[in-house]
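Here is the structure we will look at.
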Protein chains: 2
Amino acid sequence: MADDQARRPRGPRGNYAKTAARRQAIIDAATEVFGESGYRAGSMREIADRCGLSEAGLLHHFPTKAVLLENVLSLGGELDAHIRDHPPESGILLLRGMVALARRNVAVPGRMEMITTLIAEAQRPDHPAHQYFRDRLRMIADHFGIAFARIAADGLLRDDLTAEQAARIAMSAMLGLERLATAEWADFDHADELRRTFGLLLKSGTLPD
Amino acid sequence: MADDQARRPRGPRGNYAKTAARRQAIIDAATEVFGESGYRAGSMREIADRCGLSEAGLLHHFPTKAVLLENVLSLGGELDAHIRDHPPESGILLLRGMVALARRNVAVPGRMEMITTLIAEAQRPDHPAHQYFRDRLRMIADHFGIAFARIAADGLLRDDLTAEQAARIAMSAMLGLERLATAEWADFDHADELRRTFGLLLKSGTLPD
DNA sequence: GTCTATATAGCGATAGAC
DNA sequence: GTCTATCGCTATATAGAC
């Protein structure tokens with residue numbers, strides 16, 4: 001595998017594919033470990049062990065622990081980017097997008113646990129992921145705010161709620177389900193439950209699937 | 001402690017008040033530190049420093065870090081005991097009790113942060129507080145289950161929801177608001193927002209205050 | 001690119017003086 | 001009841017051999 005790559009006259013030199021695969025394996029292991037133990041308590045040794053690597057070998061790919069965390073989070077950012085880069089044309093569509101996002105997040109093994117664990121830990125201003133989660137929460141809040149402002153303008157919101165109240169309730173539901181999802185006995189369909197909650201906020205009583 | 005008890009026939013001897021005050025100061029500091037850094041990352045040194053005590057001096061009052069955590073949590077248990085020991089006669093009253101509990105929890109400075117932080121950390125089965133938070137979540141789930149079963153039986157539940165669905169939504173709302181409460185820009189009345197959410201689940205649309 | 005060996009630092013906890 | 005001093009452990013990160 002390495003020899004094929006080395007013989008090519010142009011393009012990347014070393015065996016990049018192998019390195020990329022190794023990096024991905026490290027990121028996957030780090031997601032697991034950070035999810036189980038958090039950032040600070042999760043050790044580089046544990047991550048290295050799960051990749052069949054020594055600690056120093058791991059540090060060759062990611063020079064510090066904080067850099068590794070950044071890479072783990074930016075992977076998650078690709079999911080979040082879906083919200084950021086796709087401003088939907090209607091509030092209802094945005095709610096549906098949130099349900100879809102929740103569905104995808106639960107599907108990635110260990111991801112929910114990692115997010116829950118890191119969010120709590122990152123409350124500290126000096127935590128490497130503090131700013132990231134601050135921005136993420138703010139972004140989610142803004143999007144719900146926009147969604148319900150439009151829904152209210154379209155006359156689809158329940159009469160006894162303001163757009164701000166509805167946005168806060170919707171956001172609490174999403175955050176709460178994230179936490180409930182980590183309980184092993186909570187074996188219901190989280191995304192569907194979120195859809196049902198959103199429906200309660202509308203005049204019609206349901207959010208179309 | 002055993003020696004003191006053996007020697008004195010009745011009534012307290014030494015300056016017990018001073019010791020009790022010191023213990024309380026330690027618990028307050030530990031609540032802060034565990035809330036900011038979590039149990040594992042939060043150090044006994046940091047806690048000792050905030051009390052103006054040396055590390056060894058702190059360990060005189062609480063022999064190990066785990067024992068200190070137990071004492072910090074059992075303080076919170078006094079709040080939780082309110083739910084456990086006061087089975088209300090109606091589902092509506094139970095919901096009102098939950099709103100009141102939320103109101104009290106937010107009022108204790110640093111308590112919400114500590115709970116959020118420790119819950120995430122205690123996902124690991126080997127964490128000293130794992131069982132405690134497992135039981136706590138289970139207890140909350142059970143109480144919501146009972147509450148909405150009664151509400152449904154009384155014909156007060158929305159027609160398009162089952163009691164189980166309503167209980168899950170209510171619980172998610174409570175957990176989500178706990179997390180939202182730690183965001184510094186979320187300066188709304190969390191307990192009132194919870195009351196509003198509960199109202200959405202009822203046929204009447206509102207939960208009486 | 002991966003290893004062994006090591007530097008450096010912080011942790012919880014103990015021993016014993018005062 | 002509180003201190004200083006210290007032990008034993010684990011952590012991140014570096015240096016240099018292969």
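Chains: A, B, ... in order of the structure tokens. Residues: from 1 per chain. Ligands: from 1, in order shown.
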
Residues of chain B no more than 10 Å from chain C, counting only C-alpha atoms (C1' of nucleotides): send them over as a PDB file with N, CA and C atoms, in the first residue's frame.
ATOM      1  N   ARG B  40     -14.171  14.597  39.852  1.00  0.00           N
ATOM      2  CA  ARG B  40     -12.822  14.091  39.643  1.00  0.00           C
ATOM      3  C   ARG B  40     -11.801  15.210  39.445  1.00  0.00           C
ATOM      4  N   ALA B  41     -12.169  16.165  38.612  1.00  0.00           N
ATOM      5  CA  ALA B  41     -11.231  17.243  38.321  1.00  0.00           C
ATOM      6  C   ALA B  41     -11.162  18.245  39.473  1.00  0.00           C
ATOM      7  N   SER B  43     -10.402  19.499  42.968  1.00  0.00           N
ATOM      8  CA  SER B  43      -9.405  18.964  43.897  1.00  0.00           C
ATOM      9  C   SER B  43      -9.692  19.349  45.348  1.00  0.00           C
ATOM     10  N   MET B  44      -9.259  18.493  46.246  1.00  0.00           N
ATOM     11  CA  MET B  44      -9.393  18.754  47.667  1.00  0.00           C
ATOM     12  C   MET B  44      -8.609  20.015  48.045  1.00  0.00           C
ATOM     13  N   ARG B  45      -7.508  20.249  47.365  1.00  0.00           N
ATOM     14  CA  ARG B  45      -6.716  21.455  47.625  1.00  0.00           C
ATOM     15  C   ARG B  45      -7.541  22.706  47.387  1.00  0.00           C
ATOM     16  N   GLU B  55      -5.010  21.108  53.312  1.00  0.00           N
ATOM     17  CA  GLU B  55      -5.618  19.889  52.798  1.00  0.00           C
ATOM     18  C   GLU B  55      -5.819  18.875  53.927  1.00  0.00           C
ATOM     19  N   ALA B  56      -4.817  18.760  54.770  1.00  0.00           N
ATOM     20  CA  ALA B  56      -4.907  17.805  55.879  1.00  0.00           C
ATOM     21  C   ALA B  56      -5.996  18.217  56.865  1.00  0.00           C
ATOM     22  N   LEU B  59      -9.214  17.088  55.557  1.00  0.00           N
ATOM     23  CA  LEU B  59      -9.372  15.633  55.669  1.00  0.00           C
ATOM     24  C   LEU B  59      -9.653  15.196  57.111  1.00  0.00           C
ATOM     25  N   PRO B  63     -12.858  12.264  55.962  1.00  0.00           N
ATOM     26  CA  PRO B  63     -11.658  11.435  55.817  1.00  0.00           C
ATOM     27  C   PRO B  63     -11.249  11.159  54.381  1.00  0.00           C
ATOM     28  N   THR B  64     -12.224  11.080  53.451  1.00  0.00           N
ATOM     29  CA  THR B  64     -11.882  10.887  52.048  1.00  0.00           C
ATOM     30  C   THR B  64     -12.711  11.820  51.169  1.00  0.00           C
ATOM     31  N   LYS B  65     -12.290  11.936  49.928  1.00  0.00           N
ATOM     32  CA  LYS B  65     -12.996  12.788  48.980  1.00  0.00           C
ATOM     33  C   LYS B  65     -14.410  12.245  48.717  1.00  0.00           C
TER      34      LYS B  65
END

Rotate and translate chain B onto chain A via least squares on all in-order Cα pairs, then write the result as a short mmCIF file (atom, residue, chain, number, x, y, z; two decimals) with C-alpha atoms, in the first residue's frame.
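Dumped everything to superposed.cif:
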data_model
loop_
_atom_site.label_atom_id
_atom_site.label_comp_id
_atom_site.auth_asym_id
_atom_site.auth_seq_id
_atom_site.Cartn_x
_atom_site.Cartn_y
_atom_site.Cartn_z
CA MET B 1 3.06 15.29 5.55
CA ALA B 2 4.66 18.27 3.86
CA ASP B 3 7.52 16.11 2.59
CA ASP B 4 5.21 13.55 1.03
CA GLN B 5 3.32 16.22 -0.78
CA ALA B 6 6.52 17.81 -2.07
CA ARG B 7 7.92 14.57 -3.43
CA ARG B 8 5.03 13.06 -5.29
CA PRO B 9 3.81 14.67 -8.49
CA ARG B 10 0.26 13.25 -8.34
CA GLY B 11 -1.93 10.69 -6.62
CA PRO B 12 -1.44 9.14 -3.17
CA ARG B 13 1.75 7.22 -2.51
CA GLY B 14 1.94 5.10 0.69
CA ASN B 15 -0.91 3.15 2.25
CA TYR B 16 -3.06 6.16 3.00
CA ALA B 17 -6.14 4.05 3.44
CA LYS B 18 -4.58 2.25 6.37
CA THR B 19 -3.59 5.52 8.04
CA ALA B 20 -7.04 7.00 7.51
CA ALA B 21 -8.63 3.90 9.02
CA ARG B 22 -6.30 4.13 12.01
CA ARG B 23 -7.16 7.80 12.50
CA GLN B 24 -10.86 6.97 12.39
CA ALA B 25 -10.41 4.19 14.93
CA ILE B 26 -8.65 6.65 17.23
CA ILE B 27 -11.46 9.20 16.84
CA ASP B 28 -14.05 6.54 17.63
CA ALA B 29 -12.16 5.47 20.73
CA ALA B 30 -11.69 9.09 21.79
CA THR B 31 -15.43 9.69 21.39
CA GLU B 32 -16.06 6.78 23.73
CA VAL B 33 -13.49 7.79 26.31
CA PHE B 34 -14.35 11.51 26.31
CA GLY B 35 -18.00 10.51 26.61
CA GLU B 36 -17.37 8.29 29.61
CA SER B 37 -14.78 10.35 31.45
CA GLY B 38 -14.81 13.79 29.89
CA TYR B 39 -11.88 15.48 28.24
CA ARG B 40 -9.71 16.18 31.22
CA ALA B 41 -10.23 12.97 33.12
CA GLY B 42 -10.16 10.85 29.98
CA SER B 43 -6.57 9.84 29.36
CA MET B 44 -4.57 9.39 26.19
CA ARG B 45 -3.43 6.05 27.60
CA GLU B 46 -7.00 4.79 27.78
CA ILE B 47 -7.67 5.88 24.20
CA ALA B 48 -4.45 4.31 22.98
CA ASP B 49 -5.26 1.06 24.77
CA ARG B 50 -8.65 0.77 23.09
CA CYS B 51 -6.96 1.06 19.67
CA GLY B 52 -4.25 -1.43 20.56
CA LEU B 53 -1.70 1.35 20.29
CA SER B 54 0.96 2.75 22.58
CA GLU B 55 0.61 6.29 23.86
CA ALA B 56 3.47 7.49 21.68
CA GLY B 57 1.97 5.75 18.68
CA LEU B 58 -1.26 7.64 19.24
CA LEU B 59 0.61 10.93 19.51
CA HIS B 60 2.12 10.28 16.11
CA HIS B 61 -1.33 10.71 14.53
CA PHE B 62 -2.54 13.53 16.80
CA PRO B 63 0.36 15.54 18.25
CA THR B 64 -1.54 16.77 21.32
CA LYS B 65 -4.64 15.85 23.27
CA ALA B 66 -6.30 19.15 22.33
CA VAL B 67 -5.79 18.49 18.62
CA LEU B 68 -7.43 15.10 19.04
CA LEU B 69 -10.43 16.76 20.70
CA GLU B 70 -10.73 19.21 17.83
CA ASN B 71 -10.92 16.34 15.38
CA VAL B 72 -13.52 14.52 17.46
CA LEU B 73 -15.66 17.66 17.60
CA SER B 74 -15.29 18.60 13.95
CA LEU B 75 -16.78 15.22 13.11
CA GLY B 76 -19.84 16.30 15.03
CA GLY B 77 -19.63 19.63 13.26
CA GLU B 78 -20.55 17.88 10.06
CA LEU B 79 -23.90 17.12 11.62
CA ASP B 80 -24.33 20.63 12.97
CA ALA B 81 -23.38 22.05 9.59
CA HIS B 82 -26.63 20.65 8.30
CA ILE B 83 -28.47 23.24 10.36
CA ARG B 84 -26.12 26.05 9.51
CA ASP B 85 -26.01 25.48 5.77
CA HIS B 86 -29.64 24.63 5.14
CA PRO B 87 -31.78 27.62 6.09
CA PRO B 88 -35.25 26.24 5.44
CA GLU B 89 -37.91 28.23 3.71
CA SER B 90 -40.47 27.87 6.50
CA GLY B 91 -40.48 27.65 10.29
CA ILE B 92 -42.35 24.37 10.21
CA LEU B 93 -39.69 22.84 7.97
CA LEU B 94 -36.99 24.03 10.36
CA LEU B 95 -38.71 22.32 13.27
CA ARG B 96 -38.91 19.14 11.24
CA GLY B 97 -35.20 19.47 10.52
CA MET B 98 -34.48 19.69 14.23
CA VAL B 99 -36.45 16.51 14.85
CA ALA B 100 -34.49 14.77 12.10
CA LEU B 101 -31.21 16.01 13.57
CA ALA B 102 -32.16 14.68 16.99
CA ARG B 103 -33.03 11.34 15.39
CA ARG B 104 -29.62 11.15 13.76
CA ASN B 105 -27.71 12.20 16.87
CA VAL B 106 -29.30 9.50 19.02
CA ALA B 107 -28.43 6.95 16.34
CA VAL B 108 -24.65 7.46 16.67
CA PRO B 109 -23.51 5.29 19.58
CA GLY B 110 -21.81 7.19 22.38
CA ARG B 111 -22.25 10.54 20.67
CA MET B 112 -25.03 11.81 22.94
CA GLU B 113 -23.06 10.87 26.03
CA MET B 114 -19.97 12.63 24.74
CA ILE B 115 -21.87 15.81 23.96
CA THR B 116 -23.58 15.86 27.36
CA THR B 117 -20.33 15.23 29.18
CA LEU B 118 -18.24 17.74 27.27
CA ILE B 119 -20.87 20.48 27.44
CA ALA B 120 -20.82 20.36 31.22
CA GLU B 121 -17.04 20.29 31.39
CA ALA B 122 -16.66 23.05 28.81
CA GLN B 123 -18.45 25.59 31.02
CA ARG B 124 -14.97 26.68 32.12
CA PRO B 125 -13.68 29.46 29.87
CA ASP B 126 -10.24 27.84 29.65
CA HIS B 127 -11.59 24.52 28.38
CA PRO B 128 -10.47 23.67 24.82
CA ALA B 129 -14.06 23.11 23.72
CA HIS B 130 -15.56 26.14 25.51
CA GLN B 131 -15.93 28.32 22.43
CA TYR B 132 -17.19 25.44 20.31
CA PHE B 133 -20.14 24.64 22.56
CA ARG B 134 -20.83 28.32 23.21
CA ASP B 135 -21.22 28.84 19.49
CA ARG B 136 -23.24 25.67 19.11
CA LEU B 137 -25.77 26.69 21.77
CA ARG B 138 -26.00 30.18 20.34
CA MET B 139 -26.58 28.76 16.86
CA ILE B 140 -29.34 26.47 18.04
CA ALA B 141 -30.97 29.36 19.92
CA ASP B 142 -30.83 31.59 16.85
CA HIS B 143 -32.38 28.95 14.64
CA PHE B 144 -35.26 28.35 17.01
CA GLY B 145 -35.73 32.10 17.26
CA ILE B 146 -35.99 32.43 13.49
CA ALA B 147 -38.25 29.41 13.20
CA PHE B 148 -40.83 30.65 15.67
CA ALA B 149 -40.71 34.22 14.39
CA ARG B 150 -41.78 32.86 11.00
CA ILE B 151 -44.35 30.53 12.53
CA ALA B 152 -45.84 33.47 14.42
CA ALA B 153 -45.85 35.60 11.27
CA ASP B 154 -47.68 32.82 9.45
CA GLY B 155 -50.31 32.78 12.19
CA LEU B 156 -49.52 29.20 13.16
CA LEU B 157 -48.41 29.89 16.74
CA ARG B 158 -50.63 29.39 19.77
CA ASP B 159 -52.30 32.66 20.70
CA ASP B 160 -51.16 32.58 24.32
CA LEU B 161 -47.42 32.39 23.46
CA THR B 162 -44.94 34.89 22.09
CA ALA B 163 -42.40 33.69 19.55
CA GLU B 164 -39.62 34.17 22.11
CA GLN B 165 -41.39 32.07 24.72
CA ALA B 166 -42.08 29.30 22.22
CA ALA B 167 -38.45 29.30 21.09
CA ARG B 168 -37.22 28.95 24.68
CA ILE B 169 -39.62 26.11 25.39
CA ALA B 170 -38.63 24.29 22.21
CA MET B 171 -34.96 24.68 23.01
CA SER B 172 -35.36 23.49 26.58
CA ALA B 173 -37.18 20.45 25.29
CA MET B 174 -34.34 19.60 22.92
CA LEU B 175 -31.65 20.05 25.55
CA GLY B 176 -33.66 18.17 28.15
CA LEU B 177 -34.21 15.22 25.83
CA GLU B 178 -30.49 15.10 25.14
CA ARG B 179 -29.92 14.55 28.83
CA LEU B 180 -32.81 12.18 29.31
CA ALA B 181 -31.42 10.13 26.44
CA THR B 182 -28.42 9.15 28.56
CA ALA B 183 -30.62 7.47 31.17
CA GLU B 184 -30.69 3.76 30.44
CA TRP B 185 -34.34 3.35 31.41
CA ALA B 186 -35.51 6.10 29.07
CA ASP B 187 -36.25 3.72 26.23
CA PHE B 188 -38.87 5.78 24.42
CA ASP B 189 -38.51 7.43 21.00
CA HIS B 190 -36.80 10.71 21.83
CA ALA B 191 -37.19 12.28 18.42
CA ASP B 192 -40.90 11.51 18.40
CA GLU B 193 -41.28 13.03 21.85
CA LEU B 194 -39.57 16.16 20.57
CA ARG B 195 -41.95 16.32 17.63
CA ARG B 196 -44.89 16.06 20.02
CA THR B 197 -43.53 18.90 22.16
CA PHE B 198 -43.13 21.15 19.14
CA GLY B 199 -46.70 20.38 18.22
CA LEU B 200 -47.94 21.70 21.56
CA LEU B 201 -46.59 25.11 20.65
CA LEU B 202 -48.63 25.32 17.46
CA LYS B 203 -52.22 26.34 17.04
CA SER B 204 -52.95 23.06 15.31
CA GLY B 205 -51.56 21.06 18.24
CA THR B 206 -49.39 18.76 16.13
CA LEU B 207 -46.32 18.97 13.94
CA PRO B 208 -46.80 16.94 10.75
CA ASP B 209 -44.22 14.14 10.51
#

Exercise for review: Please determine the contact residues of chain D with respect to chain A at a cut-off of 12 Å, counting only C-alpha atoms (C1' of nucleotides), and supply them as an MDAnalysis selection string.
Suggested key: chainID D and resid 10:15

Create the file for the chosen residues now, containing N, CA, C and O atoms (P, O5', C5', C4', C3', O3' and C1' of nucleotides) and written as a PDB file, in the first residue's frame.
ATOM      1  P    DT D  10      -1.605   4.077  39.370  1.00  0.00           P
ATOM      2  O5'  DT D  10      -1.909   5.386  38.507  1.00  0.00           O
ATOM      3  C5'  DT D  10      -2.950   6.268  38.908  1.00  0.00           C
ATOM      4  C4'  DT D  10      -2.834   7.571  38.135  1.00  0.00           C
ATOM      5  C3'  DT D  10      -2.595   7.374  36.629  1.00  0.00           C
ATOM      6  O3'  DT D  10      -3.655   7.975  35.912  1.00  0.00           O
ATOM      7  C1'  DT D  10      -1.134   9.022  37.540  1.00  0.00           C
ATOM      8  P    DA D  11      -3.777   7.865  34.323  1.00  0.00           P
ATOM      9  O5'  DA D  11      -3.451   9.338  33.803  1.00  0.00           O
ATOM     10  C5'  DA D  11      -4.199  10.434  34.309  1.00  0.00           C
ATOM     11  C4'  DA D  11      -3.471  11.744  34.034  1.00  0.00           C
ATOM     12  C3'  DA D  11      -2.879  11.845  32.634  1.00  0.00           C
ATOM     13  O3'  DA D  11      -3.837  12.466  31.778  1.00  0.00           O
ATOM     14  C1'  DA D  11      -1.296  12.552  34.279  1.00  0.00           C
ATOM     15  P    DT D  12      -3.583  12.423  30.179  1.00  0.00           P
ATOM     16  O5'  DT D  12      -2.563  13.608  29.898  1.00  0.00           O
ATOM     17  C5'  DT D  12      -2.885  14.931  30.305  1.00  0.00           C
ATOM     18  C4'  DT D  12      -1.683  15.839  30.066  1.00  0.00           C
ATOM     19  C3'  DT D  12      -1.245  15.944  28.611  1.00  0.00           C
ATOM     20  O3'  DT D  12      -0.971  17.311  28.308  1.00  0.00           O
ATOM     21  C1'  DT D  12       0.593  15.265  29.957  1.00  0.00           C
ATOM     22  P    DA D  13      -0.740  17.756  26.765  1.00  0.00           P
ATOM     23  O5'  DA D  13       0.844  17.682  26.611  1.00  0.00           O
ATOM     24  C5'  DA D  13       1.650  18.445  27.498  1.00  0.00           C
ATOM     25  C4'  DA D  13       3.088  17.986  27.392  1.00  0.00           C
ATOM     26  C3'  DA D  13       3.636  17.885  25.954  1.00  0.00           C
ATOM     27  O3'  DA D  13       4.619  18.899  25.761  1.00  0.00           O
ATOM     28  C1'  DA D  13       4.317  16.048  27.320  1.00  0.00           C
ATOM     29  P    DT D  14       5.423  19.042  24.351  1.00  0.00           P
ATOM     30  O5'  DT D  14       6.819  18.362  24.705  1.00  0.00           O
ATOM     31  C5'  DT D  14       7.495  18.739  25.906  1.00  0.00           C
ATOM     32  C4'  DT D  14       8.788  17.964  26.029  1.00  0.00           C
ATOM     33  C3'  DT D  14       9.642  17.903  24.759  1.00  0.00           C
ATOM     34  O3'  DT D  14      10.985  18.234  25.096  1.00  0.00           O
ATOM     35  C1'  DT D  14       9.292  15.729  25.611  1.00  0.00           C
ATOM     36  P    DA D  15      12.074  18.430  23.920  1.00  0.00           P
ATOM     37  O5'  DA D  15      12.933  17.091  24.008  1.00  0.00           O
ATOM     38  C5'  DA D  15      13.234  16.526  25.297  1.00  0.00           C
ATOM     39  C4'  DA D  15      14.292  15.441  25.129  1.00  0.00           C
ATOM     40  C3'  DA D  15      15.079  15.503  23.822  1.00  0.00           C
ATOM     41  O3'  DA D  15      16.420  15.088  24.059  1.00  0.00           O
ATOM     42  C1'  DA D  15      13.800  13.504  23.880  1.00  0.00           C
TER      43       DA D  15
END

task = Report the residues of chain B whose backbone DSSP state falls under alpha helix (DSSP H), written as JSON, numbers by chain.
result = {"B": [2, 3, 4, 5, 6, 7, 16, 17, 18, 19, 20, 21, 22, 23, 24, 25, 26, 27, 28, 29, 30, 31, 32, 33, 34, 35, 36, 37, 38, 39, 40, 41, 44, 45, 46, 47, 48, 49, 50, 55, 56, 57, 58, 59, 60, 61, 65, 66, 67, 68, 69, 70, 71, 72, 73, 74, 75, 76, 77, 78, 79, 80, 81, 82, 83, 84, 85, 91, 92, 93, 94, 95, 96, 97, 98, 99, 100, 101, 102, 103, 104, 105, 106, 107, 111, 112, 113, 114, 115, 116, 117, 118, 119, 120, 121, 130, 131, 132, 133, 134, 135, 136, 137, 138, 139, 140, 141, 142, 143, 144, 145, 146, 147, 148, 149, 150, 151, 152, 153, 163, 164, 165, 166, 167, 168, 169, 170, 171, 172, 173, 174, 175, 176, 177, 178, 179, 180, 190, 191, 192, 193, 194, 195, 196, 197, 198, 199, 200]}
